file coords.tsv (TSV, C-alpha atoms)
chain	number	residue	atom	x	y	z
A	1	MET	CA	3.36	36.96	-6.91
A	2	SER	CA	4.87	40.26	-5.76
A	3	GLU	CA	8.37	41.37	-6.85
A	4	GLU	CA	9.52	41.21	-3.22
A	5	ALA	CA	8.22	37.64	-2.77
A	6	ALA	CA	9.85	36.56	-6.03
A	7	SER	CA	13.25	37.80	-4.79
A	8	ILE	CA	13.23	35.64	-1.64
A	9	GLU	CA	15.16	32.38	-1.94
A	10	PRO	CA	12.80	29.41	-1.54
A	11	PRO	CA	13.48	27.08	1.45
A	12	PHE	CA	14.43	24.13	-0.79
A	13	ALA	CA	16.50	26.16	-3.28
A	14	GLY	CA	19.44	24.02	-4.42
A	15	LEU	CA	17.83	20.76	-3.27
A	16	LYS	CA	17.92	18.14	-6.03
A	17	VAL	CA	15.06	15.62	-6.01
A	18	LEU	CA	14.81	12.51	-8.18
A	19	GLU	CA	11.38	10.92	-8.53
A	20	PHE	CA	10.93	7.24	-9.43
A	21	ALA	CA	7.23	7.21	-8.64
A	22	ASN	CA	3.92	7.20	-10.47
A	23	ILE	CA	0.21	7.82	-9.85
A	24	LEU	CA	-0.37	10.11	-6.83
A	25	ALA	CA	1.41	9.59	-3.48
A	26	GLY	CA	5.06	9.72	-4.58
A	27	PRO	CA	4.50	12.45	-7.18
A	28	ALA	CA	2.68	14.54	-4.56
A	29	VAL	CA	5.88	14.53	-2.49
A	30	GLY	CA	7.84	15.59	-5.56
A	31	GLN	CA	5.53	18.51	-6.28
A	32	PHE	CA	5.71	19.57	-2.62
A	33	CYS	CA	9.48	19.81	-3.02
A	34	ALA	CA	9.11	21.79	-6.24
A	35	GLU	CA	6.74	24.24	-4.56
A	36	LEU	CA	9.47	24.95	-2.01
A	37	GLY	CA	12.04	25.61	-4.72
A	38	ALA	CA	13.71	22.23	-5.27
A	39	THR	CA	14.78	21.02	-8.71
A	40	VAL	CA	12.69	17.90	-9.30
A	41	VAL	CA	13.46	15.37	-12.03
A	42	LYS	CA	10.72	12.85	-12.78
A	43	VAL	CA	11.97	9.67	-14.45
A	44	GLU	CA	9.28	7.98	-16.55
A	45	HIS	CA	9.21	4.87	-18.68
A	46	PRO	CA	9.59	5.67	-22.40
A	47	SER	CA	6.43	3.67	-23.16
A	48	GLY	CA	3.70	6.05	-22.06
A	49	GLY	CA	5.29	7.40	-18.89
A	50	ASP	CA	3.29	7.81	-15.69
A	51	PRO	CA	-0.02	5.92	-16.18
A	52	THR	CA	-2.00	8.96	-15.06
A	53	ARG	CA	-1.00	10.68	-18.31
A	54	GLY	CA	-3.70	8.51	-19.88
A	55	TRP	CA	-6.34	8.97	-17.16
A	56	ARG	CA	-8.37	11.61	-19.01
A	57	LEU	CA	-11.95	12.76	-18.64
A	58	THR	CA	-14.11	12.58	-21.73
A	59	THR	CA	-13.94	16.39	-21.88
A	60	GLU	CA	-10.14	16.39	-22.24
A	61	GLY	CA	-8.42	16.34	-25.60
A	62	ALA	CA	-6.35	13.30	-26.55
A	63	ASP	CA	-3.19	15.42	-26.86
A	64	ALA	CA	-3.63	17.33	-23.61
A	65	VAL	CA	-1.55	16.72	-20.50
A	66	SER	CA	-4.24	15.06	-18.38
A	67	ALA	CA	-5.84	16.90	-15.48
A	68	TYR	CA	-5.06	13.94	-13.21
A	69	PHE	CA	-1.35	13.97	-14.07
A	70	SER	CA	-1.31	17.75	-13.70
A	71	SER	CA	-2.62	17.55	-10.14
A	72	VAL	CA	0.75	16.45	-8.69
A	73	ASN	CA	3.37	16.98	-11.40
A	74	ARG	CA	3.69	20.71	-11.89
A	75	GLY	CA	7.13	22.29	-11.89
A	76	LYS	CA	9.05	19.08	-12.64
A	77	HIS	CA	11.52	18.08	-15.36
A	78	SER	CA	10.49	14.93	-17.23
A	79	ILE	CA	12.96	12.49	-18.73
A	80	ALA	CA	12.09	9.09	-20.20
A	81	LEU	CA	14.56	6.34	-19.29
A	82	ASP	CA	14.45	2.55	-19.32
A	83	PHE	CA	15.90	1.24	-16.05
A	84	ARG	CA	17.75	-1.59	-17.83
A	85	ARG	CA	18.77	-0.03	-21.12
A	86	ASP	CA	19.59	3.35	-19.58
A	87	ALA	CA	21.00	2.02	-16.31
A	88	GLN	CA	24.13	4.19	-16.48
A	89	ARG	CA	22.10	7.38	-16.91
A	90	VAL	CA	19.84	6.36	-14.05
A	91	GLN	CA	22.80	5.77	-11.74
A	92	GLN	CA	24.26	9.13	-12.73
A	93	LEU	CA	21.00	10.78	-11.70
A	94	VAL	CA	21.13	9.01	-8.33
A	95	GLY	CA	24.61	10.41	-7.82
A	96	TRP	CA	23.31	13.89	-8.70
A	97	ALA	CA	20.36	13.80	-6.28
A	98	ASP	CA	19.96	14.86	-2.67
A	99	VAL	CA	16.59	13.09	-2.35
A	100	VAL	CA	15.23	10.05	-4.16
A	101	ILE	CA	11.52	9.15	-4.09
A	102	VAL	CA	10.93	5.47	-4.89
A	103	GLY	CA	7.52	3.93	-5.54
A	104	PHE	CA	8.49	0.55	-7.00
A	105	LYS	CA	6.78	-2.71	-6.18
A	106	PRO	CA	8.93	-4.21	-3.37
A	107	GLY	CA	11.86	-6.07	-4.87
A	108	ASP	CA	11.97	-4.10	-8.11
A	109	GLU	CA	14.28	-1.52	-6.59
A	110	VAL	CA	16.81	-4.30	-5.96
A	111	LYS	CA	16.34	-5.66	-9.49
A	112	PHE	CA	17.09	-2.23	-10.94
A	113	GLY	CA	20.07	-1.57	-8.63
A	114	LEU	CA	18.19	1.27	-6.96
A	115	ASP	CA	17.75	-0.10	-3.44
A	116	TYR	CA	19.02	2.02	-0.57
A	117	ASP	CA	21.90	-0.26	0.40
A	118	HIS	CA	23.23	-0.03	-3.15
A	119	VAL	CA	22.79	3.67	-3.87
A	120	ARG	CA	23.97	5.02	-0.51
A	121	ASN	CA	27.43	3.61	-1.16
A	122	LYS	CA	27.70	6.03	-4.08
A	123	ASN	CA	25.90	8.88	-2.35
A	124	PRO	CA	26.24	8.71	1.48
A	125	GLY	CA	24.26	11.92	2.07
A	126	LEU	CA	21.27	10.69	0.08
A	127	ILE	CA	17.79	10.86	1.58
A	128	TYR	CA	15.87	7.85	0.26
A	129	LEU	CA	12.06	7.96	0.51
A	130	GLN	CA	10.35	4.64	-0.19
A	131	LEU	CA	6.62	4.13	-0.58
A	132	THR	CA	4.99	0.69	-0.72
A	133	ALA	CA	1.44	-0.60	-0.46
A	134	TYR	CA	1.82	-3.08	2.42
A	135	GLY	CA	5.43	-2.76	3.52
A	136	THR	CA	8.68	-3.90	1.96
A	137	ALA	CA	8.04	-7.59	2.73
A	138	ASP	CA	4.76	-7.74	0.77
A	139	ALA	CA	4.94	-7.35	-3.00
A	140	ARG	CA	1.20	-7.00	-3.62
A	141	PRO	CA	0.43	-3.99	-5.82
A	142	GLY	CA	-1.58	-1.32	-4.05
A	143	PHE	CA	-4.14	1.10	-5.39
A	144	ASP	CA	-6.02	3.61	-3.29
A	145	ALA	CA	-9.46	2.04	-3.79
A	146	ILE	CA	-8.18	-1.27	-2.42
A	147	LEU	CA	-6.40	0.35	0.51
A	148	GLN	CA	-9.50	2.38	1.40
A	149	ALA	CA	-11.37	-0.92	1.58
A	150	GLU	CA	-8.74	-2.89	3.48
A	151	SER	CA	-8.01	-0.16	6.03
A	152	GLY	CA	-11.69	0.22	6.99
A	153	PHE	CA	-12.45	3.57	5.38
A	154	THR	CA	-14.80	2.21	2.71
A	155	PHE	CA	-16.77	0.11	5.21
A	156	LEU	CA	-17.42	3.26	7.25
A	157	ASN	CA	-18.37	5.43	4.29
A	158	GLY	CA	-21.97	5.55	3.03
A	159	GLU	CA	-25.50	5.71	4.35
A	160	ALA	CA	-26.44	3.40	7.22
A	161	THR	CA	-28.97	1.57	5.05
A	162	GLY	CA	-26.85	1.61	1.89
A	163	ASN	CA	-23.73	0.06	0.43
A	164	ALA	CA	-20.17	0.85	1.45
A	165	VAL	CA	-18.68	3.56	-0.78
A	166	LYS	CA	-15.08	4.58	-1.41
A	167	MET	CA	-14.24	8.24	-0.99
A	168	PRO	CA	-14.07	10.24	-4.24
A	169	VAL	CA	-10.43	11.32	-3.84
A	170	ALA	CA	-7.42	9.03	-3.43
A	171	LEU	CA	-7.28	9.83	0.25
A	172	ILE	CA	-4.89	7.05	1.28
A	173	ASP	CA	-2.35	8.15	-1.32
A	174	LEU	CA	-2.54	11.70	0.00
A	175	LEU	CA	-2.17	10.56	3.62
A	176	ALA	CA	0.91	8.52	2.66
A	177	ALA	CA	2.35	11.53	0.83
A	178	HIS	CA	2.02	13.60	3.99
A	179	GLN	CA	3.83	10.89	5.98
A	180	LEU	CA	6.72	10.97	3.50
A	181	LYS	CA	6.84	14.77	3.58
A	182	GLU	CA	7.19	14.64	7.36
A	183	GLY	CA	9.87	11.98	7.01
A	184	LEU	CA	11.72	14.14	4.49
A	185	LEU	CA	11.74	17.11	6.85
A	186	LEU	CA	13.09	14.93	9.69
A	187	ALA	CA	15.78	13.56	7.37
A	188	LEU	CA	16.80	17.04	6.23
A	189	LEU	CA	17.11	18.11	9.87
A	190	LYS	CA	19.29	15.06	10.58
A	191	ARG	CA	21.48	15.78	7.55
A	192	ALA	CA	21.89	19.42	8.55
A	193	LYS	CA	23.17	18.29	11.95
A	194	SER	CA	25.25	15.27	10.98
A	195	GLY	CA	25.78	15.33	7.21
A	196	ARG	CA	24.37	11.80	7.01
A	197	GLY	CA	21.61	10.62	4.70
A	198	SER	CA	18.56	8.62	5.73
A	199	TYR	CA	16.28	5.81	4.69
A	200	VAL	CA	12.62	6.76	5.22
A	201	ALA	CA	9.74	4.45	4.34
A	202	THR	CA	6.01	4.24	4.76
A	203	SER	CA	3.22	2.14	3.31
A	204	LEU	CA	-0.26	3.01	2.16
A	205	MET	CA	-1.67	0.65	4.79
A	206	ARG	CA	0.28	2.12	7.71
A	207	SER	CA	-0.55	5.66	6.61
A	208	ALA	CA	-4.24	4.77	6.40
A	209	VAL	CA	-4.34	3.09	9.80
A	210	ALA	CA	-2.47	6.03	11.36
A	211	SER	CA	-5.33	8.24	10.20
A	212	LEU	CA	-8.27	6.24	11.57
A	213	ALA	CA	-8.25	8.48	14.66
A	214	ASN	CA	-11.38	8.26	16.83
A	215	GLN	CA	-12.94	5.53	14.68
A	216	ALA	CA	-10.04	3.22	15.58
A	217	THR	CA	-10.13	4.10	19.27
A	218	ASN	CA	-13.89	3.64	19.36
A	219	TYR	CA	-12.98	0.01	18.63
A	220	LEU	CA	-9.70	-0.27	20.57
A	221	VAL	CA	-10.90	1.52	23.71
A	222	ALA	CA	-14.68	1.26	23.68
A	223	GLU	CA	-14.71	-2.17	21.98
A	224	THR	CA	-17.35	-1.03	19.50
A	225	VAL	CA	-17.00	-1.84	15.81
A	226	PRO	CA	-17.91	1.44	14.02
A	227	GLN	CA	-20.68	1.23	11.44
A	228	ARG	CA	-21.77	3.33	8.47
A	229	MET	CA	-23.69	6.42	9.54
A	230	GLY	CA	-23.82	8.58	6.43
A	231	SER	CA	-22.68	12.08	7.40
A	232	GLU	CA	-23.42	11.52	11.08
A	233	HIS	CA	-20.73	11.43	13.77
A	234	PRO	CA	-20.65	8.44	16.15
A	235	ASN	CA	-19.69	10.55	19.18
A	236	ILE	CA	-21.38	13.93	18.63
A	237	VAL	CA	-24.91	15.08	17.69
A	238	PRO	CA	-25.69	17.13	15.61
A	239	TYR	CA	-22.32	16.96	13.84
A	240	GLY	CA	-21.90	16.40	10.10
A	241	THR	CA	-25.65	16.27	9.70
A	242	ILE	CA	-27.01	17.73	6.44
A	243	PHE	CA	-30.33	19.57	6.61
A	244	GLU	CA	-32.38	20.77	3.63
A	245	THR	CA	-33.69	24.34	3.62
A	246	ALA	CA	-36.90	25.85	2.29
A	247	ASP	CA	-35.29	27.05	-0.96
A	248	GLY	CA	-33.73	23.71	-1.88
A	249	GLY	CA	-30.34	24.47	-0.33
A	250	ALA	CA	-28.50	22.42	2.26
A	251	VAL	CA	-26.77	23.30	5.52
A	252	VAL	CA	-24.23	21.15	7.36
A	253	LEU	CA	-23.94	21.41	11.15
A	254	ALA	CA	-20.94	20.66	13.37
A	255	VAL	CA	-22.22	21.40	16.87
A	256	GLY	CA	-19.57	20.16	19.28
A	257	THR	CA	-20.27	21.98	22.56
A	258	GLU	CA	-23.23	22.70	24.81
A	259	PRO	CA	-23.08	26.50	24.26
A	260	GLN	CA	-23.16	25.87	20.49
A	261	PHE	CA	-26.24	23.67	20.85
A	262	SER	CA	-27.97	26.30	22.94
A	263	ALA	CA	-27.11	28.97	20.34
A	264	LEU	CA	-28.45	26.73	17.57
A	265	LEU	CA	-31.81	26.45	19.30
A	266	ASP	CA	-31.89	30.22	19.83
A	267	VAL	CA	-31.40	30.76	16.10
A	268	LEU	CA	-34.10	28.20	15.31
A	269	LYS	CA	-36.39	29.82	17.92
A	270	SER	CA	-36.93	26.48	19.67
A	271	PRO	CA	-35.76	26.97	23.26
A	272	GLN	CA	-38.17	24.25	24.39
A	273	LEU	CA	-35.82	21.64	22.93
A	274	LEU	CA	-33.12	22.80	25.33
A	275	ASP	CA	-35.26	21.66	28.26
A	276	ASP	CA	-36.16	18.33	26.69
A	277	PRO	CA	-34.49	15.63	28.83
A	278	ARG	CA	-33.59	13.71	25.66
A	279	TYR	CA	-31.28	16.52	24.51
A	280	VAL	CA	-29.80	18.02	27.69
A	281	SER	CA	-26.25	16.77	27.07
A	282	ASN	CA	-24.31	15.47	24.11
A	283	ALA	CA	-24.56	11.95	25.54
A	284	ASP	CA	-28.35	12.33	25.65
A	285	ARG	CA	-28.40	13.59	22.07
A	286	VAL	CA	-26.28	10.67	20.87
A	287	ALA	CA	-28.77	8.31	22.53
A	288	HIS	CA	-31.72	10.10	20.87
A	289	ARG	CA	-30.08	11.00	17.55
A	290	ASP	CA	-33.01	10.14	15.27
A	291	GLU	CA	-35.61	12.04	17.29
A	292	LEU	CA	-33.48	15.19	17.46
A	293	ASN	CA	-32.55	15.11	13.79
A	294	ALA	CA	-36.22	14.80	12.82
A	295	GLU	CA	-37.12	17.85	14.90
A	296	LEU	CA	-34.22	19.90	13.54
A	297	ALA	CA	-35.02	18.87	9.96
A	298	ALA	CA	-38.52	20.32	10.26
A	299	LEU	CA	-37.12	23.59	11.60
A	300	PHE	CA	-34.51	23.87	8.82
A	301	ARG	CA	-37.12	23.23	6.12
A	302	ALA	CA	-38.91	26.37	7.27
A	303	ARG	CA	-35.88	28.66	6.68
A	304	ARG	CA	-33.99	29.91	3.63
A	305	GLN	CA	-30.36	28.84	3.31
A	306	ASP	CA	-28.69	32.26	3.13
A	307	ASP	CA	-30.76	33.78	5.93
A	308	LEU	CA	-30.21	30.78	8.17
A	309	LEU	CA	-26.45	30.63	7.57
A	310	GLU	CA	-26.12	34.34	8.28
A	311	ALA	CA	-27.91	33.89	11.60
A	312	LEU	CA	-25.93	30.75	12.52
A	313	HIS	CA	-22.61	32.43	11.76
A	314	ALA	CA	-23.58	35.50	13.78
A	315	ALA	CA	-24.40	33.21	16.71
A	316	LYS	CA	-21.07	31.37	16.27
A	317	VAL	CA	-22.78	28.07	15.48
A	318	PRO	CA	-20.50	25.95	13.20
A	319	ALA	CA	-22.43	25.56	9.96
A	320	GLY	CA	-21.68	25.63	6.25
A	321	ARG	CA	-22.97	25.12	2.72
A	322	LEU	CA	-22.90	21.91	0.75
A	323	ASN	CA	-20.78	23.13	-2.17
A	324	ASP	CA	-20.05	21.49	-5.49
A	325	MET	CA	-16.58	21.98	-6.99
A	326	ALA	CA	-17.53	25.14	-8.89
A	327	GLU	CA	-18.92	26.65	-5.69
A	328	VAL	CA	-15.80	25.69	-3.71
A	329	PHE	CA	-13.62	27.97	-5.81
A	330	VAL	CA	-15.80	30.98	-5.17
A	331	GLU	CA	-14.49	30.89	-1.59
A	332	PRO	CA	-11.53	33.29	-1.02
A	333	GLU	CA	-9.52	30.71	0.94
A	334	ALA	CA	-9.96	28.20	-1.89
A	335	ARG	CA	-8.92	30.75	-4.52
A	336	ALA	CA	-5.82	31.56	-2.45
A	337	GLN	CA	-4.73	27.91	-2.76
A	338	LEU	CA	-4.47	28.05	-6.56
A	339	PHE	CA	-1.35	28.55	-8.67
A	340	ASP	CA	-1.19	31.85	-10.50
A	341	ASP	CA	-2.68	30.43	-13.72
A	342	GLY	CA	-5.72	29.17	-11.79
A	343	ARG	CA	-5.33	25.65	-13.23
A	344	GLY	CA	-3.83	23.79	-10.31
A	345	ILE	CA	-3.86	23.52	-6.53
A	346	ARG	CA	-0.81	24.09	-4.36
A	347	SER	CA	-0.11	21.19	-2.00
A	348	LEU	CA	1.48	23.58	0.49
A	349	ALA	CA	-1.37	25.17	2.47
A	350	LEU	CA	0.74	27.00	5.05
A	351	VAL	CA	0.97	30.71	5.78
A	352	GLY	CA	3.06	32.37	8.47
A	353	ASP	CA	6.67	33.12	9.30
A	354	PHE	CA	8.34	31.47	6.35
A	355	GLU	CA	8.89	32.73	2.84
A	356	GLY	CA	9.74	31.55	-0.60
A	357	ALA	CA	7.08	29.12	-1.86
A	358	VAL	CA	7.13	29.39	-5.63
A	359	ASP	CA	4.57	29.39	-8.42
A	360	LEU	CA	5.03	26.33	-10.64
A	361	LYS	CA	4.85	25.95	-14.39
A	362	ALA	CA	2.38	23.47	-15.88
A	363	ALA	CA	3.09	19.73	-15.70
A	364	PRO	CA	5.55	18.60	-18.38
A	365	ARG	CA	4.96	16.41	-21.39
A	366	LEU	CA	6.75	13.07	-21.38
A	367	ASP	CA	10.52	13.46	-21.90
A	368	ALA	CA	10.11	17.19	-22.44
A	369	ASP	CA	13.23	18.06	-20.43
A	370	ARG	CA	15.72	15.41	-21.61
A	371	ASP	CA	18.37	17.88	-22.74
A	372	THR	CA	18.05	19.96	-19.57
A	373	VAL	CA	18.33	16.90	-17.31
A	374	LEU	CA	21.30	15.45	-19.17
A	375	ALA	CA	23.05	18.81	-18.93
A	376	MET	CA	22.50	18.84	-15.16
A	377	ILE	CA	24.09	15.40	-14.92
A	378	GLU	CA	27.09	16.51	-16.93
A	379	GLU	CA	27.59	19.54	-14.66
A	380	THR	CA	27.72	17.22	-11.64
A	381	HIS	CA	30.22	14.87	-13.25
call {"tool": "encode", "arguments": {"input": "coords.tsv", "output": "structure tokens"}}
result
Amino acid sequence: MSEEAASIEPPFAGLKVLEFANILAGPAVGQFCAELGATVVKVEHPSGGDPTRGWRLTTEGADAVSAYFSSVNRGKHSIALDFRRDAQRVQQLVGWADVVIVGFKPGDEVKFGLDYDHVRNKNPGLIYLQLTAYGTADARPGFDAILQAESGFTFLNGEATGNAVKMPVALIDLLAAHQLKEGLLLALLKRAKSGRGSYVATSLMRSAVASLANQATNYLVAETVPQRMGSEHPNIVPYGTIFETADGGAVVLAVGTEPQFSALLDVLKSPQLLDDPRYVSNADRVAHRDELNAELAALFRARRQDDLLEALHAAKVPAGRLNDMAEVFVEPEARAQLFDDGRGIRSLALVGDFEGAVDLKAAPRLDADRDTVLAMIEETH
């Protein structure tokens, strides 16, 4: 980070955020706030803390702060408190905070005296962000794998002739985190205008359904129940299709317009396919998906990956490599998304006319910041 950038006050400087949330979605909101300069206090149970502290790969040491926990908990202060035994301390922290992130099972927030109706009486300007699995009236616990299944994502994911497969990241948690981030920004705007706090809630299920996009409207509008198609797209061909190359590489296509399809055939030196009545329009190609993919596969197998990608990019045909994680972080845009130590990914992926996003220290050990947090409470009181 340059000296000039370091001297700019972050957008959330002075904002005090209290996190009563574990796993991924709620903590992702907390780290987002920290990246923008907020002071974020994560309250964890004294017995083990956030469960993701124990979600280690076999390659991680038993004493290490886990990679999973580190993914969304950088830059925070950790304090271990029992909600019953340390109730007074917890309530003091609520009085200190501008924003509270709550990820309790519905009903537990009332049991702990941390529901919005209770805490706003002590702190009228408080912004209260609540995350549940299925809404506040349903106390079922929710984990991303279950929500992927129940919201339709898992059914759609996988090869047409194979089993349904969940996605390899906790996508629903991340979608819910983005919903809460948007809600936080709306609440901050409201508070800036009126001085009043807000109650903002979302559920994993609502966040998932809000993100079904064209797959949902294919059902709601076209009355077609979407099926598994591997990497294929139900509405566009060839889009998402993975083709093997002569040197064992793979190329992914995303051809969404007629000029792009024409340019693809020029690169592949197969203009005759452009005149084939089966492939004249996207609608024709969707109807004859298998035939076209077979013809393109043969053409791709005759070309080397690097040479072919260079030609496709020059012709402005959307195409890319099939990268593993090590290959991802060779890409300049991917490297730019890392914290300065190279051991974590920023959640804020924006550039433009705003300044002040900060580099964050590594995720804390459990209760590492007790003295610091207690001192902050004392300053407030």
call {"tool": "residues_near_point", "arguments": {"input": "coords.tsv", "point": "(24.8, 8.4, 0.8)", "cutoff": "10 Å", "atoms": "all atoms listed in the file", "output": "list in words"}}
result
Val94, Gly95, Ala97, Asp98, Val99, Tyr116, Asp117, His118, Val119, Arg120, Asn121, Lys122, Asn123, Pro124, Gly125, Leu126, Ile127, Tyr128, Gly195, Arg196, Gly197, Ser198 and Tyr199 of chain A
call {"tool": "atom_distance", "arguments": {"input": "coords.tsv", "atom1": "CA of Val237 (chain A)", "atom2": "CA of Val286 (chain A)"}}
result
5.6 Å
call {"tool": "atom_distance", "arguments": {"input": "coords.tsv", "atom1": "CA of Asn235 (chain A)", "atom2": "CA of Ala160 (chain A)"}}
result
15.5 Å
call {"tool": "closest_atom_pairs", "arguments": {"input": "coords.tsv", "of": "region 112-204 of chain A", "to": "region 16-24 of chain A", "cutoff": "9 Å", "atoms": "only C-alpha atoms", "output": "Markdown table"}}
result
| residue | atom | partner | partner_atom | distance |
| --- | --- | --- | --- | --- |
| A:Leu131 | CA | A:Ala21 | CA | 8.6 |
| A:Ala170 | CA | A:Leu24 | CA | 7.9 |
| A:Asp173 | CA | A:Leu24 | CA | 6.2 |
| A:Leu174 | CA | A:Leu24 | CA | 7.3 |
| A:Ala177 | CA | A:Leu24 | CA | 8.3 |
call {"tool": "residues_around", "arguments": {"input": "coords.tsv", "residues": "region 28-32 of chain A", "least_positions_apart": "2", "cutoff": "6 Å", "atoms": "only C-alpha atoms", "output": "PDB file with C-alpha atoms, in the coordinates of the input"}}
result
ATOM      1  CA  LEU A  24      -0.370  10.110  -6.830  1.00  0.00           C
ATOM      2  CA  ALA A  25       1.410   9.590  -3.480  1.00  0.00           C
ATOM      3  CA  GLY A  26       5.060   9.720  -4.580  1.00  0.00           C
ATOM      4  CA  ALA A  34       9.110  21.790  -6.240  1.00  0.00           C
ATOM      5  CA  GLU A  35       6.740  24.240  -4.560  1.00  0.00           C
ATOM      6  CA  VAL A  72       0.750  16.450  -8.690  1.00  0.00           C
ATOM      7  CA  ASN A  73       3.370  16.980 -11.400  1.00  0.00           C
ATOM      8  CA  ALA A 177       2.350  11.530   0.830  1.00  0.00           C
TER       9      ALA A 177
END
call {"tool": "closest_residue", "arguments": {"input": "coords.tsv", "among": "A:Gly135, A:Gly249, A:Pro46, A:Pro238", "to": "Tyr279 (chain A)", "atoms": "only C-alpha atoms"}}
result
A:Pro238
call {"tool": "axis_aligned_box", "arguments": {"input": "coords.tsv", "around": "region 239-250 of chain A", "padding_each_side": "4 Å", "output": "lines of an AutoDock Vina configuration file"}}
result
center_x = -29.4
center_y = 21.7
center_z = 6.0
size_x = 23.0
size_y = 18.8
size_z = 23.7
call {"tool": "atom_distance", "arguments": {"input": "coords.tsv", "atom1": "CA of Ala311 (chain A)", "atom2": "CA of Val251 (chain A)"}}
result
12.3 Å
call {"tool": "closest_residue", "arguments": {"input": "coords.tsv", "among": "A:Thr202, A:Met229, A:Pro364, A:Asn163", "to": "Glu182 (chain A)", "atoms": "all atoms listed in the file"}}
result
A:Thr202
call {"tool": "residues_around", "arguments": {"input": "coords.tsv", "residues": "Gly162 (chain A)", "least_positions_apart": "3", "cutoff": "10 Å", "atoms": "only C-alpha atoms", "output": "MDAnalysis selection string"}}
result
chainID A and resid 157:159 165 228:230
call {"tool": "residues_around", "arguments": {"input": "coords.tsv", "residues": "Asp306 (chain A)", "least_positions_apart": "5", "cutoff": "12 Å", "atoms": "all atoms listed in the file", "output": "JSON, numbers by chain"}}
result
{"A": [245, 246, 247, 248, 249, 250, 251, 300, 311, 312, 313, 319, 320, 321]}
call {"tool": "decode", "arguments": {"input": "coords.tsv", "residues": "region 104-134 of chain A", "atoms": "C-alpha atoms", "output": "tab-separated table (two decimals), in the first residue's frame"}}
result
chain	number	residue	atom	x	y	z
A	104	PHE	CA	-28.28	-17.05	16.16
A	105	LYS	CA	-30.82	-19.79	15.64
A	106	PRO	CA	-34.20	-17.96	15.70
A	107	GLY	CA	-35.34	-17.54	19.29
A	108	ASP	CA	-31.87	-17.67	20.83
A	109	GLU	CA	-31.43	-13.93	20.44
A	110	VAL	CA	-34.50	-13.44	22.66
A	111	LYS	CA	-33.19	-16.00	25.17
A	112	PHE	CA	-29.91	-14.11	25.43
A	113	GLY	CA	-31.56	-10.66	25.63
A	114	LEU	CA	-30.04	-9.71	22.29
A	115	ASP	CA	-33.16	-9.36	20.14
A	116	TYR	CA	-33.66	-6.07	18.32
A	117	ASP	CA	-36.65	-4.91	20.38
A	118	HIS	CA	-34.58	-5.28	23.53
A	119	VAL	CA	-31.27	-3.79	22.43
A	120	ARG	CA	-32.63	-0.80	20.50
A	121	ASN	CA	-34.10	0.60	23.71
A	122	LYS	CA	-30.53	0.97	24.98
A	123	ASN	CA	-29.07	2.01	21.65
A	124	PRO	CA	-31.66	3.73	19.38
A	125	GLY	CA	-29.18	4.38	16.56
A	126	LEU	CA	-28.14	0.73	16.35
A	127	ILE	CA	-28.13	-1.05	12.99
A	128	TYR	CA	-29.10	-4.66	13.66
A	129	LEU	CA	-28.28	-7.22	10.94
A	130	GLN	CA	-29.91	-10.61	11.43
A	131	LEU	CA	-29.18	-13.73	9.42
A	132	THR	CA	-31.27	-16.91	9.63
A	133	ALA	CA	-31.56	-20.06	7.57
A	134	TYR	CA	-35.29	-20.02	6.77
